[in-house]
$ cat protein.cif   # mmCIF, C-alpha atoms and all ligand atoms; chains and numbers go by the auth columns
data_data
#
loop_
_atom_site.group_PDB
_atom_site.id
_atom_site.type_symbol
_atom_site.label_atom_id
_atom_site.label_comp_id
_atom_site.label_asym_id
_atom_site.label_seq_id
_atom_site.Cartn_x
_atom_site.Cartn_y
_atom_site.Cartn_z
_atom_site.B_iso_or_equiv
_atom_site.auth_seq_id
_atom_site.auth_asym_id
ATOM 1 C CA MET A 1 -60.729 45.968 -166.698 0.00 1 S
ATOM 2 C CA LYS A 2 -59.499 48.823 -164.565 0.00 2 S
ATOM 3 C CA ASN A 3 -57.777 52.091 -165.416 0.00 3 S
ATOM 4 C CA VAL A 4 -54.511 52.527 -163.591 0.00 4 S
ATOM 5 C CA ARG A 5 -51.524 54.848 -163.593 0.00 5 S
ATOM 6 C CA LEU A 6 -48.274 52.973 -164.003 0.00 6 S
ATOM 7 C CA MET A 7 -44.620 53.367 -164.855 0.00 7 S
ATOM 8 C CA ALA A 8 -43.210 51.283 -167.669 0.00 8 S
ATOM 9 C CA PRO A 9 -41.490 48.394 -165.836 0.00 9 S
ATOM 10 C CA PHE A 10 -38.973 47.923 -168.646 0.00 10 S
ATOM 11 C CA ALA A 11 -37.599 49.742 -171.683 0.00 11 S
ATOM 12 C CA MET A 12 -39.429 49.015 -174.906 0.00 12 S
ATOM 13 C CA HIS A 13 -40.171 50.453 -178.278 0.00 13 S
ATOM 14 C CA CYS A 14 -43.362 50.817 -180.280 0.00 14 S
ATOM 15 C CA SER A 15 -43.591 48.386 -183.177 0.00 15 S
ATOM 16 C CA GLU A 16 -45.503 50.923 -185.270 0.00 16 S
ATOM 17 C CA CYS A 17 -43.319 54.027 -185.061 0.00 17 S
ATOM 18 C CA GLN A 18 -40.238 52.627 -183.251 0.00 18 S
ATOM 19 C CA HIS A 19 -40.714 55.223 -180.508 0.00 19 S
ATOM 20 C CA PHE A 20 -38.439 54.432 -177.573 0.00 20 S
ATOM 21 C CA ILE A 21 -40.223 54.133 -174.229 0.00 21 S
ATOM 22 C CA TYR A 22 -37.962 54.433 -171.216 0.00 22 S
ATOM 23 C CA LYS A 23 -38.339 52.303 -168.142 0.00 23 S
ATOM 24 C CA GLY A 24 -40.216 54.436 -165.617 0.00 24 S
ATOM 25 C CA THR A 25 -42.220 56.416 -168.174 0.00 25 S
ATOM 26 C CA LYS A 26 -45.660 57.134 -166.719 0.00 26 S
ATOM 27 C CA PHE A 27 -48.753 55.859 -168.476 0.00 27 S
ATOM 28 C CA ASN A 28 -52.470 55.631 -168.051 0.00 28 S
ATOM 29 C CA ALA A 29 -53.072 51.945 -168.565 0.00 29 S
ATOM 30 C CA ARG A 30 -55.864 49.431 -168.643 0.00 30 S
ATOM 31 C CA LYS A 31 -55.234 46.589 -166.220 0.00 31 S
ATOM 32 C CA ARG A 32 -56.834 43.219 -166.747 0.00 32 S
ATOM 33 C CA ILE A 33 -56.557 40.015 -164.774 0.00 33 S
ATOM 34 C CA THR A 34 -56.281 37.248 -167.338 0.00 34 S
ATOM 35 C CA ASP A 35 -57.448 33.642 -167.091 0.00 35 S
ATOM 36 C CA GLU A 36 -53.852 32.498 -167.247 0.00 36 S
ATOM 37 C CA SER A 37 -51.986 31.681 -164.068 0.00 37 S
ATOM 38 C CA TYR A 38 -48.817 30.077 -162.826 0.00 38 S
ATOM 39 C CA LEU A 39 -48.838 28.263 -159.459 0.00 39 S
ATOM 40 C CA ASP A 40 -52.109 30.027 -158.644 0.00 40 S
ATOM 41 C CA ILE A 41 -50.601 33.425 -159.410 0.00 41 S
ATOM 42 C CA ALA A 42 -52.831 35.170 -161.915 0.00 42 S
ATOM 43 C CA VAL A 43 -51.238 36.725 -164.959 0.00 43 S
ATOM 44 C CA ILE A 44 -52.112 40.408 -165.260 0.00 44 S
ATOM 45 C CA SER A 45 -52.053 42.213 -168.562 0.00 45 S
ATOM 46 C CA PHE A 46 -51.594 45.958 -169.076 0.00 46 S
ATOM 47 C CA THR A 47 -52.516 47.937 -172.155 0.00 47 S
ATOM 48 C CA ILE A 48 -50.823 51.273 -172.793 0.00 48 S
ATOM 49 C CA ARG A 49 -50.695 53.566 -175.789 0.00 49 S
ATOM 50 C CA CYS A 50 -47.552 54.701 -177.561 0.00 50 S
ATOM 51 C CA PRO A 51 -47.045 58.388 -176.603 0.00 51 S
ATOM 52 C CA ARG A 52 -46.144 59.224 -180.177 0.00 52 S
ATOM 53 C CA CYS A 53 -48.542 57.275 -182.423 0.00 53 S
ATOM 54 C CA ALA A 54 -51.142 56.003 -179.900 0.00 54 S
ATOM 55 C CA ASN A 55 -50.528 52.426 -181.009 0.00 55 S
ATOM 56 C CA GLU A 56 -51.769 49.991 -178.395 0.00 56 S
ATOM 57 C CA ILE A 57 -49.003 48.097 -176.608 0.00 57 S
ATOM 58 C CA VAL A 58 -49.975 45.132 -174.467 0.00 58 S
ATOM 59 C CA PHE A 59 -47.688 43.467 -171.964 0.00 59 S
ATOM 60 C CA LYS A 60 -48.337 40.991 -169.177 0.00 60 S
ATOM 61 C CA THR A 61 -46.734 39.693 -166.036 0.00 61 S
ATOM 62 C CA ASP A 62 -44.794 36.449 -166.147 0.00 62 S
ATOM 63 C CA PRO A 63 -45.006 34.926 -162.650 0.00 63 S
ATOM 64 C CA LYS A 64 -42.661 32.112 -163.652 0.00 64 S
ATOM 65 C CA THR A 65 -39.723 34.460 -164.215 0.00 65 S
ATOM 66 C CA SER A 66 -41.033 37.356 -162.078 0.00 66 S
ATOM 67 C CA ASP A 67 -40.817 39.463 -165.194 0.00 67 S
ATOM 68 C CA TYR A 68 -42.937 40.885 -167.996 0.00 68 S
ATOM 69 C CA ILE A 69 -43.640 39.796 -171.533 0.00 69 S
ATOM 70 C CA VAL A 70 -44.736 42.085 -174.344 0.00 70 S
ATOM 71 C CA VAL A 71 -47.810 40.559 -175.939 0.00 71 S
ATOM 72 C CA SER A 72 -48.356 42.918 -178.865 0.00 72 S
ATOM 73 C CA GLY A 73 -47.673 46.369 -180.266 0.00 73 S
ATOM 74 C CA GLY A 74 -44.085 46.644 -179.120 0.00 74 S
ATOM 75 C CA ALA A 75 -40.877 44.920 -178.123 0.00 75 S
ATOM 76 C CA ARG A 76 -38.608 45.000 -175.131 0.00 76 S
ATOM 77 C CA ASN A 77 -35.319 46.715 -175.691 0.00 77 S
ATOM 78 C CA LEU A 78 -33.311 44.445 -173.515 0.00 78 S
ATOM 79 C CA GLU A 79 -34.512 40.895 -172.975 0.00 79 S
ATOM 80 C CA PRO A 80 -33.132 39.248 -169.833 0.00 80 S
ATOM 81 C CA TRP A 81 -31.798 36.355 -171.881 0.00 81 S
ATOM 82 C CA ARG A 82 -29.808 38.891 -173.880 0.00 82 S
ATOM 83 C CA GLN A 83 -27.942 39.996 -170.763 0.00 83 S
ATOM 84 C CA LYS A 84 -25.558 37.042 -170.984 0.00 84 S
ATOM 85 C CA GLU A 85 -24.772 37.783 -174.619 0.00 85 S
ATOM 86 C CA LEU A 86 -24.117 41.413 -173.766 0.00 86 S
ATOM 87 C CA GLU A 87 -21.694 40.425 -171.044 0.00 87 S
ATOM 88 C CA ASP A 88 -19.803 38.267 -173.494 0.00 88 S
ATOM 89 C CA GLU A 89 -19.545 40.792 -176.293 0.00 89 S
ATOM 90 C CA THR A 90 -16.189 42.228 -177.271 0.00 90 S
ATOM 91 C CA VAL A 91 -15.322 45.922 -177.206 0.00 91 S
ATOM 92 C CA GLU A 92 -15.763 46.179 -180.973 0.00 92 S
ATOM 93 C CA GLU A 93 -19.153 44.476 -180.798 0.00 93 S
ATOM 94 C CA ARG A 94 -20.264 46.755 -177.979 0.00 94 S
ATOM 95 C CA LEU A 95 -19.226 49.879 -179.873 0.00 95 S
ATOM 96 C CA ALA A 96 -21.079 48.655 -182.946 0.00 96 S
ATOM 97 C CA ARG A 97 -24.175 47.881 -180.886 0.00 97 S
ATOM 98 C CA LEU A 98 -24.156 51.260 -179.113 0.00 98 S
ATOM 99 C CA HIS A 99 -23.725 52.949 -182.447 0.00 99 S
ATOM 100 C CA GLU A 100 -26.751 51.067 -183.825 0.00 100 S
ATOM 101 C CA GLU A 101 -28.829 51.824 -180.741 0.00 101 S
ATOM 102 C CA ALA A 102 -27.963 55.517 -180.910 0.00 102 S
ATOM 103 C CA LYS A 103 -29.049 55.602 -184.531 0.00 103 S
ATOM 104 C CA SER A 104 -32.386 53.911 -183.846 0.00 104 S
ATOM 105 C CA LYS A 105 -33.198 56.104 -180.845 0.00 105 S
ATOM 106 C CA PRO A 106 -35.295 59.159 -181.590 0.00 106 S
ATOM 107 C CA LYS A 107 -33.354 62.419 -181.292 0.00 107 S
ATOM 108 C CA ASP A 108 -35.814 63.926 -178.855 0.00 108 S
ATOM 109 C CA ALA A 109 -35.532 61.031 -176.385 0.00 109 S
ATOM 110 C CA LEU A 110 -33.227 62.948 -174.057 0.00 110 S
ATOM 111 C CA GLU A 111 -35.394 66.014 -174.350 0.00 111 S
ATOM 112 C CA GLU A 112 -38.437 63.994 -173.331 0.00 112 S
ATOM 113 C CA LEU A 113 -36.609 62.571 -170.350 0.00 113 S
ATOM 114 C CA GLU A 114 -35.738 66.110 -169.266 0.00 114 S
ATOM 115 C CA LYS A 115 -39.332 67.198 -169.756 0.00 115 S
ATOM 116 C CA SER A 116 -40.671 64.395 -167.594 0.00 116 S
ATOM 117 C CA THR A 117 -38.096 65.197 -164.881 0.00 117 S
ATOM 118 C CA ASN A 118 -39.114 68.851 -164.906 0.00 118 S
ATOM 119 C CA GLN A 119 -42.733 67.766 -164.768 0.00 119 S
ATOM 120 C CA SER A 120 -42.215 65.771 -161.596 0.00 120 S
ATOM 121 C CA LYS A 121 -40.271 68.710 -160.102 0.00 121 S
ATOM 122 C CA LEU A 122 -43.222 70.947 -160.877 0.00 122 S
ATOM 123 C CA GLU A 123 -45.590 68.468 -159.329 0.00 123 S
ATOM 124 C CA SER A 124 -43.694 68.305 -156.042 0.00 124 S
ATOM 125 C CA GLN A 125 -43.447 72.107 -155.969 0.00 125 S
ATOM 126 C CA ARG A 126 -47.192 72.340 -156.467 0.00 126 S
ATOM 127 C CA ASP A 127 -47.700 69.889 -153.606 0.00 127 S
ATOM 128 C CA ARG A 128 -45.567 72.059 -151.331 0.00 128 S
ATOM 129 C CA GLU A 129 -47.501 75.163 -152.299 0.00 129 S
ATOM 130 C CA LEU A 130 -50.791 73.404 -151.602 0.00 130 S
ATOM 131 C CA LEU A 131 -49.508 72.338 -148.210 0.00 131 S
ATOM 132 C CA VAL A 132 -48.474 75.905 -147.307 0.00 132 S
ATOM 133 C CA ALA A 133 -51.841 77.249 -148.490 0.00 133 S
ATOM 134 C CA LYS A 134 -53.645 74.654 -146.396 0.00 134 S
ATOM 135 C CA LYS A 135 -51.581 75.521 -143.297 0.00 135 S
ATOM 136 C CA LYS A 136 -52.414 79.196 -143.781 0.00 136 S
ATOM 137 C CA ALA A 137 -56.111 78.428 -144.156 0.00 137 S
ATOM 138 C CA ASP A 138 -56.006 76.325 -140.991 0.00 138 S
ATOM 139 C CA MET A 139 -54.342 79.177 -139.066 0.00 139 S
ATOM 140 C CA VAL A 140 -56.950 81.675 -140.288 0.00 140 S
ATOM 141 C CA GLN A 141 -59.704 79.299 -139.314 0.00 141 S
ATOM 142 C CA ALA A 142 -58.222 78.743 -135.877 0.00 142 S
ATOM 143 C CA ALA A 143 -57.913 82.510 -135.344 0.00 143 S
ATOM 144 C CA ALA A 144 -61.532 83.016 -136.417 0.00 144 S
ATOM 145 C CA ALA A 145 -62.642 80.284 -134.055 0.00 145 S
ATOM 146 C CA ARG A 146 -60.757 81.936 -131.178 0.00 146 S
ATOM 147 C CA ALA A 147 -62.316 85.314 -131.991 0.00 147 S
ATOM 148 C CA ALA A 148 -65.781 83.826 -132.137 0.00 148 S
ATOM 149 C CA LEU A 149 -65.228 82.065 -128.821 0.00 149 S
ATOM 150 C CA GLY A 150 -64.387 85.306 -126.930 0.00 150 S
ATOM 151 C CA PRO A 151 -67.535 87.487 -126.844 0.00 151 S
ATOM 152 C CA ALA A 152 -69.947 84.637 -127.457 0.00 152 S
ATOM 153 C CA GLN A 153 -68.622 82.840 -124.404 0.00 153 S
ATOM 154 C CA SER A 154 -71.686 81.947 -122.316 0.00 154 S
ATOM 155 C CA ASP A 155 -69.441 81.129 -119.349 0.00 155 S
ATOM 156 C CA LEU A 156 -68.753 84.850 -118.875 0.00 156 S
ATOM 157 C CA LYS A 157 -71.663 84.986 -116.395 0.00 157 S
ATOM 158 C CA THR A 158 -69.874 82.604 -114.118 0.00 158 S
ATOM 159 C CA VAL A 159 -66.747 84.763 -113.885 0.00 159 S
ATOM 160 C CA ASP A 160 -66.455 87.872 -111.772 0.00 160 S
ATOM 161 C CA LEU A 161 -67.991 90.635 -113.935 0.00 161 S
ATOM 162 C CA LYS A 162 -66.643 93.376 -111.658 0.00 162 S
ATOM 163 C CA ARG A 163 -63.261 92.633 -113.064 0.00 163 S
ATOM 164 C CA ALA A 164 -62.547 94.794 -116.116 0.00 164 S
ATOM 165 C CA ARG A 165 -59.944 92.482 -117.449 0.00 165 S
ATOM 166 C CA PRO A 166 -61.339 90.019 -119.985 0.00 166 S
ATOM 167 C CA VAL A 167 -60.923 86.413 -119.113 0.00 167 S
ATOM 168 C CA PRO A 168 -58.328 84.662 -121.242 0.00 168 S
ATOM 169 C CA VAL A 169 -59.903 82.155 -123.565 0.00 169 S
ATOM 170 C CA LEU A 170 -57.662 79.388 -122.341 0.00 170 S
ATOM 171 C CA ALA A 171 -58.813 79.782 -118.707 0.00 171 S
ATOM 172 C CA THR A 172 -62.488 79.606 -119.638 0.00 172 S
ATOM 173 C CA THR A 173 -62.008 76.591 -121.815 0.00 173 S
ATOM 174 C CA MET A 174 -60.085 74.934 -119.012 0.00 174 S
ATOM 175 C CA LYS A 175 -62.944 75.729 -116.646 0.00 175 S
ATOM 176 C CA LYS A 176 -65.388 74.349 -119.173 0.00 176 S
ATOM 177 C CA LYS A 177 -63.395 71.162 -119.372 0.00 177 S
ATOM 178 C CA LYS A 178 -63.256 70.857 -115.603 0.00 178 S
ATOM 179 C CA LYS A 179 -66.989 71.514 -115.448 0.00 179 S
ATOM 180 C CA SER A 180 -67.673 68.746 -117.877 0.00 180 S
ATOM 181 C CA LEU A 181 -65.531 66.496 -115.750 0.00 181 S
ATOM 182 C CA GLY A 182 -67.497 67.546 -112.672 0.00 182 S
ATOM 183 C CA ILE A 183 -64.485 69.156 -110.985 0.00 183 S
ATOM 184 C CA VAL A 184 -65.956 72.668 -110.846 0.00 184 S
ATOM 185 C CA LYS A 185 -69.389 73.125 -109.372 0.00 185 S
ATOM 186 C CA LYS A 186 -71.867 75.586 -110.925 0.00 186 S
HETATM 187 ZN ZN ZN B . -45.742 54.375 -181.783 0.00 1 L
#

$ encode --input "protein.cif" --output "C-alpha cells" --more "lines below"
Ligand SMILES: [Zn+2]
Amino acid sequence: MKNVRLMAPFAMHCSECQHFIYKGTKFNARKRITDESYLDIAVISFTIRCPRCANEIVFKTDPKTSDYIVVSGGARNLEPWRQKELEDETVEERLARLHEEAKSKPKDALEELEKSTNQSKLESQRDRELLVAKKKADMVQAAAARAALGPAQSDLKTVDLKRARPVPVLATTMKKKKKSLGIVKK
C-alpha cells in the first residue's frame, strides 16, 4: 500500500452522494498491487475518497482492455461499451440524455472546475516566484563570495604590492588556476 497523488483517469460519480468527479480531478490515493494479473501484468487498485462525502471509491486497472474498472463506491459515467450506443442515438435521444445528465450533475460542478483551474494557475505562479527568489539568493551569495575573495586573497603577496591598483579578482583566480596546473612558478 502506497500513498500517491493521481488524477482521476475517467469521469465517475460517487454512489453515496452522486457527486460528479471529472476526469483529471486530483486525488490523494492509496495504491495497491493486487494478486490479480493478466498476461503477467499485475492489476493495480487505487482507493480515493469522494471530495464531498468522503465515501471510499475503489477502482483498478484492467490490463486486458487497457482501461479501468470501478470496484466499489462509485460508477463510471461513460463506459467504453456505451460509446457505440451513444454514436447510434438519435437527436431526440441525445437531447433527452443531455437533459437527464444536466439534471443529475451538481450545480457547483462548473464552479469546482473553475476553482481547480485557478488553483493550478496559482501553483505555477508560486513556482515562478520561488524560482525568482532563488535566483536572487544565488546572485547575493555570488556577490558575497566575490567580496570575501578580494581582501582575504592570500595570493596578494605574489603580486606587485607597489602597484596601488587592486588586482582584479578574475586575474588572481586565473593565476591560481594556472598555478594549480603548474603553469606559473611560485
Ligand atoms: Zn460522495

$ closest_residue --input "protein.cif" --among "S:Ile21, S:Cys50, S:Ala144, S:Leu6" --to "Leu113 of chain S" --atoms "only C-alpha atoms"
S:Ile21

$ residues_near_ligand --input "protein.cif" --ligand "ligand ZN 1 (chain L)" --cutoff "8 Å" --atoms "only C-alpha atoms and all ligand atoms" --output "list in words"
His13, Cys14, Ser15, Glu16, Cys17, Gln18, His19, Arg49, Cys50, Pro51, Arg52, Cys53, Ala54 and Asn55 of chain S

$ atom_distance --input "protein.cif" --atom1 "atom CA of Ala11 of chain S" --atom2 "atom CA of Phe59 of chain S"
11.9 Å

$ closest_residue --input "protein.cif" --among "S:Arg97, S:Ala148, S:Ala8, S:Asp62" --to "Ile41 of chain S" --atoms "only C-alpha atoms"
S:Asp62

$ atom_distance --input "protein.cif" --atom1 "atom CA of Glu100 of chain S" --atom2 "atom CA of Lys23 of chain S"
19.5 Å

$ residues_around --input "protein.cif" --residues "Ala29 of chain S" --least-positions-apart "2" --cutoff "6 Å" --atoms "all atoms listed in the file" --output "CSV table (one decimal) with C-alpha atoms, in the coordinates of the input"
chain,number,residue,atom,x,y,z
S,3,ASN,CA,-57.8,52.1,-165.4
S,4,VAL,CA,-54.5,52.5,-163.6
S,5,ARG,CA,-51.5,54.8,-163.6
S,27,PHE,CA,-48.8,55.9,-168.5
S,47,THR,CA,-52.5,47.9,-172.2
S,48,ILE,CA,-50.8,51.3,-172.8

$ resolve_selection --input "protein.cif" --expression "the PyMOL selection byres (((chain S and resi 71) around 9) and not hetatm)" --output "PyMOL selection string"
chain S and resi 45+57-60+69-70+72-75
